[in-house]
Amino acid sequence: MEIKHYILIGAIVLYIVIVYLFSRLGGTREIGTRRLFLLSLFLTPIMGLAFYLNSTHRKINHYTEESYKCDECGYVFSEEHEYCPFCEKEGKKQKLRQVDIFMT
Ligand SMILES: [Zn+2]
């Protein structure tokens, strides 16, 4: 094989590596790694970059749920109580504190 063939193969390998590394950025975007990889591979990473920038950030569903926590026993209730039912059984009137539980 001639030296220019090695250069060509090397350039192709390097290109795929660059596209692969670039496509990993897509993991945090809605476009996704695989789609960004294929787009970049066939349409060059410049086009891939355009798609990447157009793609919105992956929606992170973080909503909170109202909960009520007892500071005495540490138990978290989903419904409101005036006093912690567990602590009340033991004769303690522990008011529940409203907290927001991070839901995933
Ligand atoms: Zn309690």
# chains A, B, ... in the order shown; residues from 1 in each chain; ligands from 1

$ residues_near_ligand --ligand "ligand 1" --cutoff "8 Å" --atoms "only C-alpha atoms and all ligand atoms" --output "mmCIF file with C-alpha atoms, in the first residue's frame"
data_model
loop_
_atom_site.group_PDB
_atom_site.id
_atom_site.type_symbol
_atom_site.label_atom_id
_atom_site.label_comp_id
_atom_site.auth_asym_id
_atom_site.auth_seq_id
_atom_site.Cartn_x
_atom_site.Cartn_y
_atom_site.Cartn_z
ATOM 1 C CA LYS A 69 -41.923 15.784 57.920
ATOM 2 C CA CYS A 70 -41.664 15.087 61.589
ATOM 3 C CA ASP A 71 -38.478 16.499 63.032
ATOM 4 C CA GLU A 72 -38.754 14.213 66.017
ATOM 5 C CA CYS A 73 -38.821 10.779 64.370
ATOM 6 C CA GLY A 74 -37.847 11.860 60.881
ATOM 7 C CA TYR A 75 -40.833 10.246 59.207
ATOM 8 C CA TYR A 83 -49.246 16.360 64.926
ATOM 9 C CA CYS A 84 -47.055 13.428 64.040
ATOM 10 C CA PRO A 85 -49.224 10.289 64.569
ATOM 11 C CA PHE A 86 -46.204 8.224 65.609
ATOM 12 C CA CYS A 87 -44.952 10.682 68.156
ATOM 13 C CA GLU A 88 -48.462 11.334 69.367
ATOM 14 C CA GLN A 94 -44.726 17.074 67.462
ATOM 15 C CA LEU A 96 -45.140 18.410 61.219
#

$ select_by_dssp --residues "stretch 20-65 of chain A" --states "strand (DSSP E or B)" --output "ChimeraX atom specification"
/A:29,57,63-65

$ residues_around --residues "stretch 20-36 of chain A" --least-positions-apart "2" --cutoff "9 Å" --atoms "only C-alpha atoms" --output "PDB file with C-alpha atoms, in the first residue's frame"
ATOM      1  CA  TYR A  15     -12.799  11.698  11.445  1.00  0.00           C
ATOM      2  CA  ILE A  16     -14.859   8.906  13.027  1.00  0.00           C
ATOM      3  CA  VAL A  17     -13.133   9.482  16.383  1.00  0.00           C
ATOM      4  CA  ILE A  18     -13.910  13.215  16.221  1.00  0.00           C
ATOM      5  CA  LEU A  38     -25.076   9.514  12.472  1.00  0.00           C
ATOM      6  CA  LEU A  39     -25.881  13.088  11.470  1.00  0.00           C
ATOM      7  CA  SER A  40     -22.321  14.173  12.092  1.00  0.00           C
ATOM      8  CA  LEU A  41     -20.887  11.150  10.302  1.00  0.00           C
ATOM      9  CA  PRO A  45     -19.670  17.495  12.356  1.00  0.00           C
ATOM     10  CA  GLY A  48     -24.020  17.968  13.449  1.00  0.00           C
ATOM     11  CA  LEU A  49     -23.123  21.023  15.468  1.00  0.00           C
ATOM     12  CA  PHE A  51     -28.398  20.106  14.882  1.00  0.00           C
ATOM     13  CA  TYR A  52     -26.839  19.938  18.306  1.00  0.00           C
ATOM     14  CA  ASN A  54     -30.914  23.486  17.618  1.00  0.00           C
ATOM     15  CA  SER A  55     -31.700  20.563  19.864  1.00  0.00           C
ATOM     16  CA  THR A  56     -33.104  21.615  23.164  1.00  0.00           C
ATOM     17  CA  HIS A  57     -31.738  20.438  26.435  1.00  0.00           C
ATOM     18  CA  ARG A  58     -33.254  17.193  27.543  1.00  0.00           C
ATOM     19  CA  LYS A  59     -36.219  17.896  29.715  1.00  0.00           C
TER      20      LYS A  59
END

$ select_by_dssp --residues "chain A" --states "helix (DSSP H, G or I)" --output "VMD selection string"
chain A and resid 3 to 28 33 to 54 85 to 89

$ write_last_selection --atoms "N, CA and C atoms" --output "compact mmCIF listing (two decimals), in the first residue's frame"
# COMPACT_ATOMS: atom_id res chain seq x y z
N ILE A 3 1.83 5.17 0.74
CA ILE A 3 1.76 6.00 1.94
C ILE A 3 0.49 6.86 1.98
N LYS A 4 0.03 7.28 0.82
CA LYS A 4 -1.16 8.14 0.80
C LYS A 4 -2.43 7.39 1.21
N HIS A 5 -2.39 6.05 1.03
CA HIS A 5 -3.52 5.24 1.48
C HIS A 5 -3.60 5.21 3.00
N TYR A 6 -2.41 5.13 3.62
CA TYR A 6 -2.35 5.14 5.07
C TYR A 6 -2.87 6.47 5.62
N ILE A 7 -2.48 7.54 4.94
CA ILE A 7 -2.93 8.87 5.35
C ILE A 7 -4.46 8.97 5.24
N LEU A 8 -4.98 8.42 4.14
CA LEU A 8 -6.43 8.43 3.90
C LEU A 8 -7.17 7.65 4.99
N ILE A 9 -6.66 6.44 5.28
CA ILE A 9 -7.28 5.60 6.31
C ILE A 9 -7.19 6.29 7.68
N GLY A 10 -6.01 6.87 7.92
CA GLY A 10 -5.80 7.60 9.18
C GLY A 10 -6.76 8.76 9.31
N ALA A 11 -6.99 9.46 8.21
CA ALA A 11 -7.90 10.61 8.22
C ALA A 11 -9.33 10.16 8.49
N ILE A 12 -9.72 9.02 7.89
CA ILE A 12 -11.08 8.48 8.10
C ILE A 12 -11.27 8.07 9.56
N VAL A 13 -10.26 7.38 10.09
CA VAL A 13 -10.32 6.94 11.49
C VAL A 13 -10.42 8.16 12.42
N LEU A 14 -9.58 9.14 12.14
CA LEU A 14 -9.58 10.37 12.94
C LEU A 14 -10.93 11.07 12.86
N TYR A 15 -11.49 11.08 11.67
CA TYR A 15 -12.80 11.70 11.44
C TYR A 15 -13.88 11.02 12.28
N ILE A 16 -13.87 9.68 12.26
CA ILE A 16 -14.86 8.91 13.03
C ILE A 16 -14.67 9.15 14.53
N VAL A 17 -13.42 9.22 14.97
CA VAL A 17 -13.13 9.48 16.38
C VAL A 17 -13.67 10.86 16.79
N ILE A 18 -13.42 11.85 15.94
CA ILE A 18 -13.91 13.21 16.22
C ILE A 18 -15.44 13.23 16.27
N VAL A 19 -16.06 12.57 15.28
CA VAL A 19 -17.53 12.49 15.23
C VAL A 19 -18.06 11.78 16.48
N TYR A 20 -17.37 10.69 16.86
CA TYR A 20 -17.79 9.93 18.02
C TYR A 20 -17.71 10.78 19.29
N LEU A 21 -16.59 11.46 19.48
CA LEU A 21 -16.41 12.30 20.66
C LEU A 21 -17.42 13.45 20.69
N PHE A 22 -17.64 14.00 19.51
CA PHE A 22 -18.61 15.09 19.40
C PHE A 22 -20.03 14.60 19.72
N SER A 23 -20.36 13.40 19.22
CA SER A 23 -21.71 12.87 19.42
C SER A 23 -22.04 12.62 20.89
N ARG A 24 -20.99 12.44 21.68
CA ARG A 24 -21.21 12.22 23.12
C ARG A 24 -21.85 13.43 23.79
N LEU A 25 -21.65 14.59 23.20
CA LEU A 25 -22.28 15.81 23.70
C LEU A 25 -23.80 15.71 23.63
N GLY A 26 -24.26 14.94 22.63
CA GLY A 26 -25.70 14.79 22.41
C GLY A 26 -26.42 14.10 23.55
N GLY A 27 -25.68 13.44 24.41
CA GLY A 27 -26.28 12.73 25.53
C GLY A 27 -27.09 13.60 26.46
N THR A 28 -26.68 14.87 26.56
CA THR A 28 -27.40 15.78 27.44
C THR A 28 -28.49 16.54 26.70
N THR A 33 -27.29 10.75 21.60
CA THR A 33 -25.94 10.44 21.14
C THR A 33 -25.93 9.78 19.76
N ARG A 34 -26.80 8.79 19.58
CA ARG A 34 -26.78 8.01 18.35
C ARG A 34 -27.17 8.85 17.13
N ARG A 35 -28.21 9.64 17.29
CA ARG A 35 -28.68 10.45 16.17
C ARG A 35 -27.64 11.50 15.80
N LEU A 36 -27.03 12.10 16.84
CA LEU A 36 -26.02 13.11 16.59
C LEU A 36 -24.79 12.50 15.91
N PHE A 37 -24.47 11.27 16.29
CA PHE A 37 -23.33 10.57 15.70
C PHE A 37 -23.57 10.32 14.21
N LEU A 38 -24.75 9.82 13.87
CA LEU A 38 -25.08 9.51 12.47
C LEU A 38 -25.16 10.78 11.63
N LEU A 39 -25.78 11.81 12.18
CA LEU A 39 -25.88 13.09 11.47
C LEU A 39 -24.50 13.67 11.20
N SER A 40 -23.66 13.61 12.22
CA SER A 40 -22.32 14.17 12.09
C SER A 40 -21.46 13.36 11.14
N LEU A 41 -21.68 12.04 11.14
CA LEU A 41 -20.89 11.15 10.30
C LEU A 41 -21.18 11.38 8.81
N PHE A 42 -22.46 11.51 8.49
CA PHE A 42 -22.83 11.65 7.09
C PHE A 42 -22.91 13.09 6.62
N LEU A 43 -23.19 13.98 7.53
CA LEU A 43 -23.36 15.39 7.13
C LEU A 43 -22.24 16.28 7.66
N THR A 44 -21.16 15.65 8.13
CA THR A 44 -20.01 16.31 8.75
C THR A 44 -20.38 16.92 10.12
N PRO A 45 -19.38 16.98 11.01
CA PRO A 45 -19.67 17.49 12.36
C PRO A 45 -20.15 18.95 12.36
N ILE A 46 -19.88 19.68 11.29
CA ILE A 46 -20.35 21.07 11.21
C ILE A 46 -21.88 21.09 11.17
N MET A 47 -22.45 20.20 10.36
CA MET A 47 -23.91 20.08 10.32
C MET A 47 -24.43 19.50 11.64
N GLY A 48 -23.66 18.56 12.16
CA GLY A 48 -24.02 17.97 13.45
C GLY A 48 -24.10 19.01 14.54
N LEU A 49 -23.16 19.94 14.48
CA LEU A 49 -23.12 21.02 15.47
C LEU A 49 -24.38 21.89 15.36
N ALA A 50 -24.81 22.13 14.13
CA ALA A 50 -26.03 22.91 13.90
C ALA A 50 -27.24 22.20 14.50
N PHE A 51 -27.31 20.89 14.31
CA PHE A 51 -28.40 20.11 14.88
C PHE A 51 -28.31 20.09 16.40
N TYR A 52 -27.06 19.97 16.87
CA TYR A 52 -26.84 19.94 18.31
C TYR A 52 -27.31 21.24 18.96
N LEU A 53 -26.96 22.37 18.34
CA LEU A 53 -27.33 23.67 18.90
C LEU A 53 -28.84 23.92 18.80
N ASN A 54 -29.46 23.35 17.78
CA ASN A 54 -30.91 23.49 17.62
C ASN A 54 -31.69 22.60 18.59
N PRO A 85 -48.46 11.39 63.95
CA PRO A 85 -49.22 10.29 64.57
C PRO A 85 -48.34 9.32 65.36
N PHE A 86 -47.11 9.15 64.92
CA PHE A 86 -46.20 8.22 65.61
C PHE A 86 -45.78 8.78 66.95
N CYS A 87 -45.41 10.05 66.92
CA CYS A 87 -44.95 10.68 68.16
C CYS A 87 -46.11 10.91 69.12
N GLU A 88 -47.28 11.11 68.54
CA GLU A 88 -48.46 11.33 69.37
C GLU A 88 -48.77 10.09 70.20
N LYS A 89 -48.51 8.92 69.61
CA LYS A 89 -48.73 7.65 70.32
C LYS A 89 -47.82 7.55 71.54

$ residues_around --residues "A:Phe77" --least-positions-apart "3" --cutoff "8 Å" --atoms "only C-alpha atoms" --output "PyMOL selection string"
chain A and resi 67-69+80

$ write_last_selection --atoms "C-alpha atoms" --output "mmCIF file, in the first residue's frame"
data_model
loop_
_atom_site.group_PDB
_atom_site.id
_atom_site.type_symbol
_atom_site.label_atom_id
_atom_site.label_comp_id
_atom_site.auth_asym_id
_atom_site.auth_seq_id
_atom_site.Cartn_x
_atom_site.Cartn_y
_atom_site.Cartn_z
ATOM 1 C CA SER A 67 -44.838 16.385 52.163
ATOM 2 C CA TYR A 68 -44.900 16.758 55.898
ATOM 3 C CA LYS A 69 -41.923 15.784 57.920
ATOM 4 C CA GLU A 80 -51.179 16.642 56.442
#

$ atom_distance --atom1 "atom CA of A:His81" --atom2 "atom CA of A:Glu66"
12.7 Å
